[in-house]
>>> print(open('structure-v7.csv').read())   # CSV, C-alpha atoms
chain,number,residue,atom,x,y,z
Z,1301,MET,CA,32.3,2.7,-2.5
Z,1302,PHE,CA,30.5,5.6,-0.9
Z,1303,ARG,CA,27.5,4.3,1.1
Z,1304,ARG,CA,25.7,6.6,3.4
Z,1305,ASN,CA,22.1,6.7,4.4
Z,1306,TYR,CA,20.3,9.9,3.3
Z,1307,SER,CA,16.9,8.5,3.9
Z,1308,SER,CA,14.2,10.8,5.2
Z,1309,ALA,CA,12.6,9.7,8.4
Z,1310,LEU,CA,9.2,10.7,7.1
Z,1311,LEU,CA,9.7,8.7,3.9
Z,1312,GLU,CA,11.0,5.7,5.9
Z,1313,GLU,CA,8.0,5.8,8.2
Z,1314,ALA,CA,5.6,5.9,5.2
Z,1315,VAL,CA,7.5,3.0,3.5
Z,1316,ASP,CA,7.4,1.0,6.8
Z,1317,GLN,CA,3.7,1.4,7.0
Z,1318,LEU,CA,3.0,0.7,3.4
Z,1319,SER,CA,5.1,-2.4,3.4
Z,1320,SER,CA,3.0,-3.8,6.3
Z,1321,LEU,CA,0.2,-4.3,3.7
Z,1322,PRO,CA,-0.2,-7.9,2.5
Z,1323,GLY,CA,1.7,-8.5,-0.7
Z,1324,VAL,CA,3.6,-5.2,-0.6
Z,1325,GLY,CA,7.3,-5.4,-0.3
Z,1326,ARG,CA,9.7,-2.5,0.5
Z,1327,ARG,CA,10.4,-1.8,-3.2
Z,1328,THR,CA,6.7,-1.5,-4.0
Z,1329,ALA,CA,6.1,0.5,-0.8
Z,1330,LEU,CA,8.7,3.0,-1.9
Z,1331,ARG,CA,7.1,3.3,-5.3
Z,1332,LEU,CA,3.7,3.9,-3.6
Z,1333,ALA,CA,5.1,6.4,-1.1
Z,1334,LEU,CA,6.8,8.4,-4.0
Z,1335,HIS,CA,3.5,8.3,-5.9
Z,1336,LEU,CA,1.7,9.8,-2.9
Z,1337,LEU,CA,4.4,12.3,-2.5
Z,1338,GLY,CA,3.8,13.4,-6.1
Z,1339,GLN,CA,0.1,13.9,-5.5
Z,1340,PRO,CA,-1.5,17.2,-4.4
Z,1341,ARG,CA,-1.9,17.5,-0.6
Z,1342,GLU,CA,-5.7,17.3,-0.7
Z,1343,ASN,CA,-5.6,14.0,-2.5
Z,1344,VAL,CA,-3.2,12.5,0.1
Z,1345,ASP,CA,-5.4,13.9,2.9
Z,1346,GLN,CA,-8.5,12.3,1.2
Z,1347,PHE,CA,-6.6,9.0,0.8
Z,1348,ALA,CA,-5.5,8.9,4.5
Z,1349,GLY,CA,-8.9,10.1,5.6
Z,1350,ALA,CA,-10.8,7.4,3.8
Z,1351,LEU,CA,-8.7,4.7,5.6
Z,1352,THR,CA,-9.1,6.3,9.0
Z,1353,ARG,CA,-12.9,6.7,8.5
Z,1354,LEU,CA,-13.2,3.1,7.3
Z,1355,LYS,CA,-11.8,1.8,10.6
Z,1356,ARG,CA,-13.3,4.5,12.8
Z,1357,ASP,CA,-16.9,4.7,11.5
Z,1358,ILE,CA,-17.8,1.3,10.2
Z,1359,ARG,CA,-20.1,-0.8,12.5
Z,1360,THR,CA,-20.4,-4.6,12.8
Z,1361,CYS,CA,-23.8,-6.2,12.8
Z,1362,PRO,CA,-24.4,-7.8,16.2
Z,1363,ASP,CA,-26.2,-10.7,14.6
Z,1364,CYS,CA,-24.2,-11.8,11.5
Z,1365,GLY,CA,-20.9,-9.9,12.0
Z,1366,MET,CA,-21.3,-8.1,8.6
Z,1367,ILE,CA,-19.9,-4.6,8.2
Z,1368,SER,CA,-22.3,-1.8,7.9
Z,1369,ASP,CA,-22.4,2.0,7.7
Z,1370,ASP,CA,-25.4,2.2,9.9
Z,1371,ASP,CA,-26.8,0.3,12.9
Z,1372,THR,CA,-28.8,-2.0,10.7
Z,1373,CYS,CA,-26.7,-4.5,8.7
Z,1374,PRO,CA,-27.9,-4.4,5.0
Z,1375,VAL,CA,-28.3,-8.1,4.7
Z,1376,CYS,CA,-30.2,-8.7,8.0
Z,1377,GLY,CA,-32.2,-5.6,7.4
Z,1378,ASP,CA,-33.4,-6.7,3.9
Z,1379,PRO,CA,-37.0,-7.9,4.0
Z,1380,HIS,CA,-36.5,-9.9,0.8
Z,1381,ARG,CA,-33.9,-12.3,2.3
Z,1382,ASP,CA,-34.8,-15.8,3.5
Z,1383,ARG,CA,-34.5,-15.6,7.3
Z,1384,SER,CA,-34.7,-19.3,7.8
Z,1385,VAL,CA,-31.3,-20.1,6.2
Z,1386,VAL,CA,-27.9,-19.0,7.7
Z,1387,CYS,CA,-24.6,-19.5,5.8
Z,1388,VAL,CA,-21.6,-19.7,8.1
Z,1389,VAL,CA,-18.4,-18.3,6.7
Z,1390,GLU,CA,-15.0,-17.5,8.0
Z,1391,SER,CA,-14.7,-13.8,7.0
Z,1392,LEU,CA,-16.4,-10.8,5.4
Z,1393,ARG,CA,-14.5,-11.5,2.2
Z,1394,ASP,CA,-16.3,-14.9,1.8
Z,1395,VAL,CA,-19.7,-13.0,2.2
Z,1396,LEU,CA,-18.7,-10.7,-0.7
Z,1397,SER,CA,-17.6,-13.7,-2.8
Z,1398,ILE,CA,-20.9,-15.5,-2.2
Z,1399,GLU,CA,-23.0,-12.4,-2.8
Z,1400,ASN,CA,-21.2,-11.9,-6.1
Z,1401,THR,CA,-22.5,-15.3,-7.3
Z,1402,GLY,CA,-26.1,-14.1,-6.9
Z,1403,GLN,CA,-27.0,-17.7,-5.9
Z,1404,TYR,CA,-27.8,-17.2,-2.3
Z,1405,ASN,CA,-30.7,-15.4,-0.7
Z,1406,GLY,CA,-30.4,-16.3,3.0
Z,1407,LEU,CA,-28.6,-14.7,5.9
Z,1408,TYR,CA,-25.0,-15.0,6.9
Z,1409,HIS,CA,-23.0,-15.7,10.1
Z,1410,ILE,CA,-19.3,-14.5,10.0
Z,1411,LEU,CA,-17.2,-16.5,12.4
Z,1412,GLY,CA,-14.3,-14.0,12.3
Z,1413,GLY,CA,-11.8,-16.7,11.8
Z,1414,ILE,CA,-11.3,-20.5,12.0
Z,1415,ILE,CA,-10.2,-22.9,14.7
Z,1416,SER,CA,-6.4,-23.1,14.5
Z,1417,PRO,CA,-4.4,-24.3,17.5
Z,1418,ILE,CA,-1.1,-23.4,15.8
Z,1419,ASP,CA,-2.2,-19.7,15.6
Z,1420,GLY,CA,-3.7,-19.9,19.0
Z,1421,VAL,CA,-7.3,-19.5,17.8
Z,1422,GLY,CA,-9.8,-21.6,19.8
Z,1423,PRO,CA,-13.6,-21.9,19.6
Z,1424,GLY,CA,-13.9,-19.1,22.2
Z,1425,ASP,CA,-12.2,-16.6,19.8
Z,1426,LEU,CA,-14.9,-17.1,17.2
Z,1427,ARG,CA,-18.5,-15.9,17.0
Z,1428,ILE,CA,-19.9,-19.4,17.8
Z,1429,ARG,CA,-21.8,-18.4,20.9
Z,1430,GLU,CA,-23.6,-15.8,18.8
Z,1431,LEU,CA,-24.5,-18.5,16.3
Z,1432,SER,CA,-26.0,-20.6,19.1
Z,1433,GLY,CA,-27.9,-17.5,20.3
Z,1434,ARG,CA,-29.4,-17.0,16.8
Z,1435,LEU,CA,-30.4,-20.7,16.6
Z,1436,GLU,CA,-32.1,-20.6,20.0
Z,1437,LYS,CA,-34.6,-18.1,18.7
Z,1438,GLY,CA,-36.0,-21.0,16.6
Z,1439,GLU,CA,-36.4,-19.0,13.3
Z,1440,ILE,CA,-33.6,-20.8,11.5
Z,1441,SER,CA,-34.2,-24.1,9.8
Z,1442,GLU,CA,-31.0,-24.6,7.8
Z,1443,VAL,CA,-27.3,-23.9,8.5
Z,1444,VAL,CA,-25.0,-23.9,5.5
Z,1445,LEU,CA,-21.4,-24.5,6.3
Z,1446,ALA,CA,-19.2,-22.7,3.8
Z,1447,LEU,CA,-15.7,-23.1,5.2
Z,1448,SER,CA,-12.4,-23.8,3.5
Z,1449,THR,CA,-11.3,-27.4,3.0
Z,1450,SER,CA,-8.1,-27.1,5.0
Z,1451,MET,CA,-7.5,-29.1,8.2
Z,1452,GLU,CA,-8.6,-26.0,10.2
Z,1453,GLY,CA,-11.7,-25.6,8.1
Z,1454,GLU,CA,-12.7,-29.3,8.6
Z,1455,THR,CA,-12.0,-29.1,12.3
Z,1456,THR,CA,-14.1,-25.9,12.6
Z,1457,ALA,CA,-16.9,-27.5,10.6
Z,1458,TYR,CA,-16.9,-30.6,12.8
Z,1459,PHE,CA,-16.9,-28.5,16.0
Z,1460,LEU,CA,-19.8,-26.4,14.7
Z,1461,TYR,CA,-21.7,-29.5,13.6
Z,1462,LYS,CA,-21.5,-30.9,17.2
Z,1463,GLN,CA,-22.7,-27.5,18.6
Z,1464,ILE,CA,-25.5,-27.1,16.1
Z,1465,SER,CA,-26.9,-30.7,16.3
Z,1466,ARG,CA,-28.4,-29.7,19.6
Z,1467,PHE,CA,-30.9,-27.6,17.6
Z,1468,PRO,CA,-33.6,-28.9,15.3
Z,1469,VAL,CA,-32.0,-27.5,12.1
Z,1470,LYS,CA,-30.7,-29.1,8.9
Z,1471,VAL,CA,-26.9,-28.7,8.6
Z,1472,THR,CA,-25.6,-28.6,5.0
Z,1473,ALA,CA,-22.2,-27.9,3.4
Z,1474,ILE,CA,-21.4,-26.3,0.1
Z,1475,ALA,CA,-20.7,-28.8,-2.7
Z,1476,ARG,CA,-17.1,-29.8,-3.4
Z,1477,GLY,CA,-16.0,-31.1,-6.8
Z,1478,VAL,CA,-14.2,-30.3,-10.0
Z,1479,GLY,CA,-14.6,-26.7,-10.8
Z,1480,PHE,CA,-16.4,-25.5,-14.0
Z,1481,GLY,CA,-13.9,-25.2,-16.8
Z,1482,ASP,CA,-11.3,-27.4,-15.0
Z,1483,ASP,CA,-9.8,-30.3,-16.9
Z,1484,LEU,CA,-10.4,-33.7,-15.1
Z,1485,GLU,CA,-6.7,-34.6,-15.6
Z,1486,TYR,CA,-5.5,-31.6,-13.6
Z,1487,ALA,CA,-8.0,-32.1,-10.7
Z,1488,ASP,CA,-6.3,-33.5,-7.6
Z,1489,GLU,CA,-7.3,-37.0,-6.5
Z,1490,LEU,CA,-9.2,-36.0,-3.4
Z,1491,THR,CA,-11.4,-33.5,-5.3
Z,1492,LEU,CA,-12.1,-35.8,-8.2
Z,1493,GLY,CA,-12.7,-38.7,-5.8
Z,1494,ARG,CA,-15.3,-36.7,-3.8
Z,1495,SER,CA,-16.9,-35.3,-6.9
Z,1496,ILE,CA,-17.5,-38.9,-8.2
Z,1497,ALA,CA,-18.7,-40.1,-4.8
Z,1498,ASN,CA,-21.1,-37.1,-4.5
Z,1499,ARG,CA,-22.4,-37.4,-8.1
Z,1500,GLN,CA,-25.8,-35.9,-8.8
Z,1501,LEU,CA,-28.6,-36.6,-11.1
Z,1502,PHE,CA,-27.8,-35.2,-14.5
Z,1503,LYS,CA,-30.2,-32.3,-15.4
Z,1504,PRO,CA,-29.7,-31.4,-19.1
V,514,MET,CA,-30.3,-14.9,-9.4
V,515,PHE,CA,-30.4,-12.6,-6.4
V,516,ARG,CA,-28.1,-9.6,-7.1
V,517,ARG,CA,-28.3,-6.7,-4.8
V,518,ASN,CA,-25.6,-4.3,-3.7
V,519,TYR,CA,-24.9,-4.4,0.0
V,520,SER,CA,-21.6,-2.5,-0.3
V,521,SER,CA,-20.7,-0.1,2.5
V,522,ALA,CA,-20.0,3.5,1.4
V,523,LEU,CA,-17.1,3.6,3.8
V,524,LEU,CA,-15.6,0.5,2.3
V,525,GLU,CA,-16.2,1.7,-1.2
V,526,GLU,CA,-14.5,5.0,-0.6
V,527,ALA,CA,-11.4,3.2,0.9
V,528,VAL,CA,-11.3,0.8,-2.1
V,529,ASP,CA,-11.6,3.8,-4.5
V,530,GLN,CA,-8.7,5.5,-2.8
V,531,LEU,CA,-6.5,2.4,-2.6
V,532,SER,CA,-7.1,1.5,-6.2
V,533,SER,CA,-5.8,4.9,-7.2
V,534,LEU,CA,-2.3,3.7,-6.3
V,535,PRO,CA,-0.2,2.6,-9.2
V,536,GLY,CA,-0.4,-1.2,-9.9
V,537,VAL,CA,-3.3,-1.7,-7.5
V,538,GLY,CA,-6.6,-2.9,-9.1
V,539,ARG,CA,-10.0,-3.0,-7.4
V,540,ARG,CA,-9.6,-6.6,-6.3
V,541,THR,CA,-6.3,-5.9,-4.6
V,542,ALA,CA,-7.7,-2.7,-3.1
V,543,LEU,CA,-10.5,-4.6,-1.5
V,544,ARG,CA,-8.0,-7.1,-0.1
V,545,LEU,CA,-5.9,-4.2,1.4
V,546,ALA,CA,-9.0,-2.4,2.8
V,547,LEU,CA,-10.2,-5.6,4.5
V,548,HIS,CA,-6.7,-6.1,5.9
V,549,LEU,CA,-6.7,-2.6,7.4
V,550,LEU,CA,-10.2,-3.2,8.7
V,551,GLY,CA,-8.9,-6.2,10.5
V,552,GLN,CA,-6.1,-4.2,12.2
V,553,PRO,CA,-6.4,-2.4,15.6
V,554,ARG,CA,-7.6,1.2,15.3
V,555,GLU,CA,-4.2,2.6,16.5
V,556,ASN,CA,-2.4,0.8,13.7
V,557,VAL,CA,-4.7,2.2,11.0
V,558,ASP,CA,-4.4,5.7,12.5
V,559,GLN,CA,-0.6,5.3,12.4
V,560,PHE,CA,-0.8,4.1,8.9
V,561,ALA,CA,-2.9,7.0,7.7
V,562,GLY,CA,-0.9,9.5,9.8
V,563,ALA,CA,2.4,8.4,8.3
V,564,LEU,CA,1.1,9.1,4.8
V,565,THR,CA,-0.4,12.5,5.8
V,566,ARG,CA,2.8,13.6,7.5
V,567,LEU,CA,4.9,12.4,4.6
V,568,LYS,CA,3.1,14.8,2.3
V,569,ARG,CA,2.6,17.6,4.9
V,570,ASP,CA,6.0,17.9,6.6
V,571,ILE,CA,8.6,16.9,4.0
V,572,ARG,CA,10.7,19.7,2.5
V,573,THR,CA,12.4,20.1,-0.9
V,574,CYS,CA,16.0,21.2,-1.1
V,575,PRO,CA,16.0,24.6,-3.0
V,576,ASP,CA,19.3,23.6,-4.7
V,577,CYS,CA,19.0,20.0,-5.8
V,578,GLY,CA,15.3,19.3,-5.3
V,579,MET,CA,15.9,16.3,-3.0
V,580,ILE,CA,13.4,15.6,-0.2
V,581,SER,CA,14.5,16.4,3.3
V,582,ASP,CA,13.1,16.3,6.8
V,583,ASP,CA,14.9,19.5,7.6
V,584,ASP,CA,15.8,22.7,5.9
V,585,THR,CA,19.2,21.4,4.9
V,586,CYS,CA,19.1,18.6,2.3
V,587,PRO,CA,21.2,15.6,3.5
V,588,VAL,CA,23.3,15.4,0.3
V,589,CYS,CA,24.0,19.1,-0.2
V,590,GLY,CA,24.7,19.4,3.5
V,591,ASP,CA,27.2,16.5,3.6
V,592,PRO,CA,30.8,17.9,3.7
V,593,HIS,CA,32.2,14.6,2.3
V,594,ARG,CA,30.5,14.9,-1.0
V,595,ASP,CA,32.3,16.3,-4.1
V,596,ARG,CA,30.7,19.6,-4.7
V,597,SER,CA,32.3,20.0,-8.2
V,598,VAL,CA,30.1,17.3,-9.8
V,599,VAL,CA,26.4,17.4,-10.3
V,600,CYS,CA,24.3,14.5,-11.6
V,601,VAL,CA,21.1,15.5,-13.4
V,602,VAL,CA,18.2,13.1,-12.9
V,603,GLU,CA,14.5,13.0,-13.7
V,604,SER,CA,13.2,12.2,-10.3
V,605,LEU,CA,13.9,11.4,-6.6
V,606,ARG,CA,13.6,7.7,-7.4
V,607,ASP,CA,16.7,7.9,-9.7
V,608,VAL,CA,18.6,9.6,-6.8
V,609,LEU,CA,17.8,6.7,-4.5
V,610,SER,CA,18.8,4.1,-7.2
V,611,ILE,CA,22.1,5.8,-7.9
V,612,GLU,CA,22.8,6.2,-4.1
V,613,ASN,CA,22.1,2.5,-3.7
V,614,THR,CA,25.0,1.7,-6.1
V,615,GLY,CA,27.5,3.4,-3.8
V,616,GLN,CA,29.4,4.6,-6.9
V,617,TYR,CA,28.7,8.3,-6.9
V,618,ASN,CA,29.9,10.9,-4.5
V,619,GLY,CA,28.9,14.2,-6.1
V,620,LEU,CA,25.7,16.3,-5.8
V,621,TYR,CA,22.4,15.9,-7.6
V,622,HIS,CA,20.0,18.0,-9.5
V,623,ILE,CA,16.4,16.6,-9.8
V,624,LEU,CA,14.6,18.0,-12.8
V,625,GLY,CA,11.2,17.0,-11.6
V,626,GLY,CA,10.3,15.4,-14.9
V,627,ILE,CA,11.3,15.2,-18.5
V,628,ILE,CA,10.5,17.3,-21.6
V,629,SER,CA,7.4,15.6,-23.1
V,630,PRO,CA,5.3,17.7,-25.5
V,631,ILE,CA,2.6,14.9,-25.6
V,632,ASP,CA,2.2,15.2,-21.8
V,633,GLY,CA,2.4,19.0,-22.0
V,634,VAL,CA,5.7,19.2,-20.1
V,635,GLY,CA,8.0,21.9,-21.5
V,636,PRO,CA,11.4,23.1,-20.4
V,637,GLY,CA,9.7,25.7,-18.3
V,638,ASP,CA,8.1,23.1,-16.1
V,639,LEU,CA,11.4,21.5,-15.1
V,640,ARG,CA,14.1,22.8,-12.7
V,641,ILE,CA,16.4,23.9,-15.6
V,642,ARG,CA,16.6,27.5,-14.5
V,643,GLU,CA,17.7,26.3,-11.1
V,644,LEU,CA,20.5,24.2,-12.7
V,645,SER,CA,21.7,27.3,-14.6
V,646,GLY,CA,21.7,29.2,-11.4
V,647,ARG,CA,23.9,26.6,-9.7
V,648,LEU,CA,26.3,26.6,-12.7
V,649,GLU,CA,26.6,30.4,-12.6
V,650,LYS,CA,28.2,30.2,-9.2
V,651,GLY,CA,31.2,28.6,-10.9
V,652,GLU,CA,31.8,25.9,-8.3
V,653,ILE,CA,30.7,23.0,-10.6
V,654,SER,CA,33.1,21.5,-13.1
V,655,GLU,CA,31.2,18.5,-14.4
V,656,VAL,CA,27.5,17.8,-15.1
V,657,VAL,CA,26.6,14.1,-15.5
V,658,LEU,CA,23.4,13.5,-17.4
V,659,ALA,CA,21.6,10.4,-16.1
V,660,LEU,CA,18.4,10.5,-18.0
V,661,SER,CA,16.4,7.7,-19.6
V,662,THR,CA,17.1,6.6,-23.2
V,663,SER,CA,13.6,7.3,-24.3
V,664,MET,CA,12.8,9.9,-27.0
V,665,GLU,CA,11.9,12.3,-24.2
V,666,GLY,CA,15.1,11.6,-22.3
V,667,GLU,CA,17.2,12.2,-25.4
V,668,THR,CA,15.3,15.5,-26.1
V,669,THR,CA,15.8,16.6,-22.6
V,670,ALA,CA,19.5,15.7,-22.6
V,671,TYR,CA,20.0,17.6,-25.9
V,672,PHE,CA,18.1,20.7,-24.6
V,673,LEU,CA,20.2,20.6,-21.3
V,674,TYR,CA,23.4,20.2,-23.3
V,675,LYS,CA,22.6,23.4,-25.3
V,676,GLN,CA,21.9,25.3,-22.0
V,677,ILE,CA,24.9,24.0,-20.2
V,678,SER,CA,27.4,24.5,-22.9
V,679,ARG,CA,27.3,28.3,-22.1
V,680,PHE,CA,29.2,27.4,-18.9
V,681,PRO,CA,32.8,26.2,-18.7
V,682,VAL,CA,31.9,22.7,-17.5
V,683,LYS,CA,32.4,19.2,-18.8
V,684,VAL,CA,29.2,17.5,-19.7
V,685,THR,CA,29.1,13.7,-19.4
V,686,ALA,CA,26.4,11.0,-19.7
V,687,ILE,CA,26.1,7.7,-17.9
V,688,ALA,CA,27.5,4.7,-20.0
V,689,ARG,CA,25.0,2.7,-22.0
V,690,GLY,CA,25.6,-0.9,-22.9
V,691,VAL,CA,24.8,-4.5,-22.3
V,692,GLY,CA,23.9,-5.0,-18.6
V,693,PHE,CA,25.9,-7.2,-16.3
V,694,GLY,CA,24.5,-10.7,-16.4
V,695,ASP,CA,22.6,-10.1,-19.7
V,696,ASP,CA,23.1,-12.5,-22.5
V,697,LEU,CA,24.3,-10.9,-25.7
V,698,GLU,CA,21.8,-12.7,-27.8
V,699,TYR,CA,18.9,-11.1,-25.9
V,700,ALA,CA,20.3,-7.5,-26.0
V,701,ASP,CA,18.5,-5.3,-28.5
V,702,GLU,CA,20.5,-4.2,-31.6
V,703,LEU,CA,20.7,-0.6,-30.5
V,704,THR,CA,22.1,-1.4,-27.1
V,705,LEU,CA,24.6,-4.0,-28.4
V,706,GLY,CA,25.6,-1.7,-31.3
V,707,ARG,CA,26.3,1.2,-28.9
V,708,SER,CA,28.2,-1.0,-26.5
V,709,ILE,CA,30.5,-2.1,-29.3
V,710,ALA,CA,31.0,1.4,-30.6
V,711,ASN,CA,31.7,2.7,-27.1
V,712,ARG,CA,34.0,-0.2,-26.2
V,713,GLN,CA,36.6,0.4,-23.5
V,714,LEU,CA,40.0,-0.8,-22.6
V,715,PHE,CA,39.8,-4.2,-20.9
V,716,LYS,CA,40.9,-3.9,-17.3
V,717,PRO,CA,41.3,-7.5,-15.9
>>> encode(input="structure-v7.csv", output="structure tokens")
Amino acid sequence: MFRRNYSSALLEEAVDQLSSLPGVGRRTALRLALHLLGQPRENVDQFAGALTRLKRDIRTCPDCGMISDDDTCPVCGDPHRDRSVVCVVESLRDVLSIENTGQYNGLYHILGGIISPIDGVGPGDLRIRELSGRLEKGEISEVVLALSTSMEGETTAYFLYKQISRFPVKVTAIARGVGFGDDLEYADELTLGRSIANRQLFKP
Amino acid sequence: MFRRNYSSALLEEAVDQLSSLPGVGRRTALRLALHLLGQPRENVDQFAGALTRLKRDIRTCPDCGMISDDDTCPVCGDPHRDRSVVCVVESLRDVLSIENTGQYNGLYHILGGIISPIDGVGPGDLRIRELSGRLEKGEISEVVLALSTSMEGETTAYFLYKQISRFPVKVTAIARGVGFGDDLEYADELTLGRSIANRQLFKP
């Protein structure tokens, strides 16, 4: 067996970096690196430049935490949005998901995480003070909690509820239940139980 | 239904670039872009820098076509390799796969593709003249063809065979047959047929 290492340090470095991406193993990273190596130099420069610029030039809205190319966040700056409702989410990805539904026309508040003692994330690490600051202005009448149903999500929701209840606002949470198209027999007991307990008037 | 587009041009550009990678759709590209956005700026700069440097600084061996960080290719420059055997492969990835087996100690010759009229790749686009140049020096006694078994691979192998037969070298091809661990019943007829026809002395 002849086994020597002829790897290129440049290739190794690229593979190391690419395999740091979520869901990308070393095999995939090598495939991606070799793909980039086969591209014209301008394309690779454009590729790398787009990622550098994304991180360097993007701004964060001081109010809601949304990303923005300019100083004004596109949601907060939109005069057609309902400024009396704020939906609290964990991350930017959740905003994009909710926007995709086309069912929400209020503002957002991105926490930037979720309370998780195991990961060392406490309330002070999240944008909770900023939320209180927004509520103090008195323009908001409803806060919609749209957090995950994990232990951490429930803890965060409870903590937020205690903070928010100081203000004269209605606190709601997104509905939980059996998803559209899901078979009842495959729904877990907790979900099905809640969706029965929270049953709503049938609107045909 | 409220449906407006609040996308960031910077994010869109990053997603466009990331989704140009093989096997990466727009959903995955968005996930990767958001992951990078969540990283410290130095990490993203390092990430982008590694890819830029990979393309900008890597060299190609004038003999075998291997990538190299220096002027000397690590395989051709290794005094322990058998310089009388050259294995012809389609791409760098094949070299890495063969090196991983630890079963080959000769040199390589990367064609940089395969003859494919549909894709407009003819013999002139491959490093075939370079192969003839290496054979003319008279130091090589065996050429191992390690090409894929596709129509294009077979065409390329046949074309190479005709070119090589001018020189006093032995031309071999890697063995085809049922893979280790494969069930006979799932092997395709062609593979199983060839592996019976090319049966070898049993060495227990």
>>> residues_near_point(input="structure-v7.csv", point="(-22.4, -21.0, 12.2)", cutoff="12 Å", atoms="all atoms listed in the file", output="PyMOL selection string")
chain Z and resi 1363-1365+1385-1391+1407-1414+1423+1426-1435+1440+1442-1447+1456-1465+1469+1471-1473
>>> interface_residues(input="structure-v7.csv", of="chain Z", to="chain V", cutoff="7 Å", atoms="only C-alpha atoms", output="PDB file with C-alpha atoms, keeping the file's coordinate frame")
ATOM      1  CA  MET Z1301      32.300   2.700  -2.500  1.00  0.00           C
ATOM      2  CA  PHE Z1302      30.500   5.600  -0.900  1.00  0.00           C
ATOM      3  CA  ARG Z1303      27.500   4.300   1.100  1.00  0.00           C
ATOM      4  CA  TYR Z1306      20.300   9.900   3.300  1.00  0.00           C
ATOM      5  CA  SER Z1308      14.200  10.800   5.200  1.00  0.00           C
ATOM      6  CA  ALA Z1309      12.600   9.700   8.400  1.00  0.00           C
ATOM      7  CA  LEU Z1310       9.200  10.700   7.100  1.00  0.00           C
ATOM      8  CA  LEU Z1311       9.700   8.700   3.900  1.00  0.00           C
ATOM      9  CA  GLU Z1313       8.000   5.800   8.200  1.00  0.00           C
ATOM     10  CA  ALA Z1314       5.600   5.900   5.200  1.00  0.00           C
ATOM     11  CA  GLN Z1317       3.700   1.400   7.000  1.00  0.00           C
ATOM     12  CA  LEU Z1321       0.200  -4.300   3.700  1.00  0.00           C
ATOM     13  CA  PRO Z1322      -0.200  -7.900   2.500  1.00  0.00           C
ATOM     14  CA  LEU Z1332       3.700   3.900  -3.600  1.00  0.00           C
ATOM     15  CA  LEU Z1337       4.400  12.300  -2.500  1.00  0.00           C
ATOM     16  CA  ARG Z1341      -1.900  17.500  -0.600  1.00  0.00           C
ATOM     17  CA  VAL Z1344      -3.200  12.500   0.100  1.00  0.00           C
ATOM     18  CA  ASP Z1345      -5.400  13.900   2.900  1.00  0.00           C
ATOM     19  CA  PHE Z1347      -6.600   9.000   0.800  1.00  0.00           C
ATOM     20  CA  ALA Z1348      -5.500   8.900   4.500  1.00  0.00           C
ATOM     21  CA  ALA Z1350     -10.800   7.400   3.800  1.00  0.00           C
ATOM     22  CA  LEU Z1351      -8.700   4.700   5.600  1.00  0.00           C
ATOM     23  CA  THR Z1352      -9.100   6.300   9.000  1.00  0.00           C
ATOM     24  CA  LEU Z1354     -13.200   3.100   7.300  1.00  0.00           C
ATOM     25  CA  LYS Z1355     -11.800   1.800  10.600  1.00  0.00           C
ATOM     26  CA  ILE Z1358     -17.800   1.300  10.200  1.00  0.00           C
ATOM     27  CA  SER Z1368     -22.300  -1.800   7.900  1.00  0.00           C
ATOM     28  CA  ASP Z1369     -22.400   2.000   7.700  1.00  0.00           C
ATOM     29  CA  PRO Z1374     -27.900  -4.400   5.000  1.00  0.00           C
ATOM     30  CA  VAL Z1375     -28.300  -8.100   4.700  1.00  0.00           C
ATOM     31  CA  GLY Z1402     -26.100 -14.100  -6.900  1.00  0.00           C
ATOM     32  CA  GLN Z1403     -27.000 -17.700  -5.900  1.00  0.00           C
ATOM     33  CA  TYR Z1404     -27.800 -17.200  -2.300  1.00  0.00           C
ATOM     34  CA  ASN Z1405     -30.700 -15.400  -0.700  1.00  0.00           C
TER      35      ASN Z1405
END
>>> calpha_fit_rmsd(input="structure-v7.csv", fixed="chain Z", moving="chain V")
0.3 Å
>>> atom_distance(input="structure-v7.csv", atom1="atom CA of Gly692 of chain V", atom2="atom CA of Thr668 of chain V")
23.5 Å
>>> residues_near_point(input="structure-v7.csv", point="(-12.3, -36.9, -11.7)", cutoff="7 Å", atoms="all atoms listed in the file", output="list in words")
Leu1484, Ala1487, Leu1492, Gly1493, Ser1495 and Ile1496 of chain Z
>>> closest_residue(input="structure-v7.csv", among="V:Asp584, V:Thr662, V:Gly538, V:Glu667", to="Gly690 of chain V", atoms="all atoms listed in the file")
V:Thr662
>>> closest_residue(input="structure-v7.csv", among="V:Glu665, V:Asp632, V:Glu698, V:Glu652", to="Ser597 of chain V", atoms="only C-alpha atoms")
V:Glu652
>>> atom_distance(input="structure-v7.csv", atom1="atom CA of Met1451 of chain Z", atom2="atom CA of Arg1466 of chain Z")
23.8 Å
>>> atom_distance(input="structure-v7.csv", atom1="atom CA of Val1421 of chain Z", atom2="atom CA of Cys1361 of chain Z")
21.8 Å
>>> closest_residue(input="structure-v7.csv", among="Z:Ser1441, Z:Ser1450, Z:Ser1416, Z:Ser1397", to="Asp1382 of chain Z", atoms="only C-alpha atoms")
Z:Ser1441
